[in-house]
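Undergrad: To be precise about what I am sending: the file is called data04.txt and holds compact mmCIF, C-alpha atoms.
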```
# COMPACT_ATOMS: atom_id res chain seq x y z
CA MET A 982 -49.00 37.22 -5.29
CA SER A 983 -45.29 36.70 -4.91
CA SER A 984 -43.20 38.10 -2.17
CA VAL A 985 -40.01 39.56 -3.54
CA SER A 986 -37.32 40.68 -1.17
CA VAL A 987 -35.89 44.05 -2.10
CA SER A 988 -32.64 45.09 -0.48
CA SER A 989 -32.66 48.64 0.73
CA GLY A 990 -28.89 48.64 1.23
CA GLY A 991 -27.30 49.10 -2.14
CA VAL A 992 -23.77 50.06 -3.01
CA GLY A 993 -23.29 52.47 -0.11
CA SER A 994 -24.13 49.81 2.43
CA SER A 995 -21.72 47.29 0.95
CA ARG A 996 -18.94 49.91 0.83
CA ARG A 997 -19.53 50.72 4.48
CA THR A 998 -19.43 47.04 5.40
CA LEU A 999 -16.20 46.58 3.47
CA ALA A 1000 -14.66 49.60 5.20
CA ILE A 1001 -15.59 48.21 8.61
CA VAL A 1002 -14.16 44.78 7.80
CA LEU A 1003 -10.93 46.30 6.49
CA GLY A 1004 -10.65 48.50 9.57
CA VAL A 1005 -11.12 45.59 11.96
CA LEU A 1006 -8.58 43.46 10.06
CA GLY A 1007 -6.15 46.39 10.08
CA LEU A 1008 -6.54 46.76 13.83
CA ILE A 1009 -5.92 43.04 14.36
CA ALA A 1010 -2.81 43.13 12.16
CA VAL A 1011 -1.35 46.14 13.99
CA VAL A 1012 -2.02 44.56 17.40
CA ILE A 1013 -0.33 41.32 16.29
CA GLY A 1014 2.61 43.34 14.96
CA ILE A 1015 2.97 45.11 18.30
CA LEU A 1016 2.82 41.75 20.08
CA TYR A 1017 5.71 40.50 17.94
CA PHE A 1018 7.80 43.49 19.05
CA THR A 1019 6.94 43.44 22.75
CA VAL A 1020 6.07 39.92 23.94
CA LYS A 1021 8.90 37.40 24.24
CA GLY A 1022 6.87 34.25 25.03
CA LEU A 1023 4.55 34.12 22.03
CA PRO A 1024 2.29 31.12 21.40
CA SER A 1025 3.76 28.42 19.16
CA PHE A 1026 1.38 29.09 16.26
CA MET A 1027 2.75 32.65 16.02
CA THR A 1028 6.38 31.55 16.06
CA ALA A 1029 6.22 28.69 13.58
CA GLY A 1030 9.47 28.59 11.63
CA SER A 1031 11.43 30.61 14.19
CA HIS A 1032 13.53 27.60 15.11
CA LEU A 1033 15.13 27.49 11.66
CA LYS A 1034 18.81 28.32 11.40
CA GLY A 1035 19.53 31.94 10.54
CA SER A 1036 16.08 33.20 11.51
CA SER A 1037 17.02 35.06 14.69
CA SER A 1038 15.27 38.25 13.60
CA THR A 1039 12.03 36.72 12.37
CA HIS A 1040 10.03 38.32 15.20
CA ASP A 1041 11.12 41.79 14.12
CA LEU A 1042 10.47 41.01 10.48
CA ARG A 1043 7.06 39.49 11.15
CA GLY A 1044 6.15 42.40 13.41
CA ALA A 1045 7.12 44.92 10.75
CA VAL A 1046 5.15 43.06 8.08
CA CYS A 1047 2.08 42.91 10.31
CA VAL A 1048 2.24 46.64 11.03
CA VAL A 1049 2.69 47.48 7.32
CA VAL A 1050 -0.21 45.20 6.34
CA GLY A 1051 -2.35 46.76 9.10
CA VAL A 1052 -1.61 50.26 7.86
CA ALA A 1053 -2.39 49.18 4.29
CA LEU A 1054 -5.72 47.78 5.48
CA PHE A 1055 -6.48 51.06 7.28
CA VAL A 1056 -5.74 52.96 4.07
CA GLY A 1057 -8.03 50.57 2.19
CA ALA A 1058 -10.79 51.14 4.74
CA TRP A 1059 -10.37 54.91 4.43
CA TRP A 1060 -10.36 54.68 0.63
CA THR A 1061 -13.57 52.63 0.48
CA SER A 1062 -15.35 54.85 3.00
CA LYS A 1063 -14.69 58.03 0.99
CA LYS A 1064 -17.70 59.46 -0.74
CA PRO A 1065 -17.39 59.18 -4.51
CA SER A 1066 -16.64 62.52 -6.10
CA ALA A 1067 -19.14 63.89 -8.55
CA ALA A 1068 -18.05 63.50 -12.18
CA LYS A 1069 -17.77 66.77 -14.04
```
Rewrite the structure of this file - the entire thing - as structure tokens.

TA:
Amino acid sequence: MSSVSVSSGGVGSSRRTLAIVLGVLGLIAVVIGILYFTVKGLPSFMTAGSHLKGSSSTHDLRGAVCVVVGVALFVGAWWTSKKPSAAK
């Protein structure tokens, strides 16, 4: 006798997991974007490169990019969590 492991998850389970991961990453990106807009004393790892000449608005730019990426990740999570439509 051999014991074979059969996964009961399937495609639906992996799509749900992907949607959850994308949603969590989207939330993290939006929170970081909001931090860039609101907090003045950010940790040094978040402000790397801000000391360069001509980069006075990098916090606003980085915040905007984080928010856009977060929204894109939310859209990706919504897209993967949709039920597939029946083919006609």

Undergrad: State, in Å with one decimal place, the distance from atom CA of Val1020 of chain A to atom CA of Leu1003 of chain A.

TA: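 Going from atom CA of Val1020 of chain A over to atom CA of Leu1003 of chain A, I get 25.2 Å.
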
Undergrad: Go through A:Tyr1017, A:Val1056, A:Ser1025, A:Lys1063 one by one, measure the shortest atom-to-atom distance of each to Asp1041 of chain A using only C-alpha atoms, and give the residue with the smallest value.

TA: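 Checking each of A:Tyr1017, A:Val1056, A:Ser1025, A:Lys1063 against Asp1041 of chain A, counting only C-alpha atoms, the winner is A:Tyr1017.
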
Undergrad: Would you work out the distance separating atom CA of Met1027 of chain A from atom CA of Thr998 of chain A, expressed in Å to one decimal?

TA: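 For atom CA of Met1027 of chain A relative to atom CA of Thr998 of chain A, the distance reads 28.5 Å.
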
Undergrad: Taking 2 positions as the minimum chain separation for residues in the same chain, which residues sit within 12 Å of Val1050 of chain A when counting only C-alpha atoms? Answer as number ranges by chain.

TA: A: 1003-1004, 1006-1014, 1043-1048, 1052-1057

Undergrad: Which residue gives the smallest distance to Ile1015 of chain A among A:Ser994, A:Val1049, A:Ala1058, A:Pro1065, with only C-alpha atoms counted?

TA: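 Nearest to Ile1015 of chain A: A:Val1049.
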
Undergrad: Using atom CA of Gly1051 of chain A and atom CA of Lys1021 of chain A as the two end points, give the distance in Å to one decimal.

TA: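 Between these atoms lies a distance of 21.1 Å.
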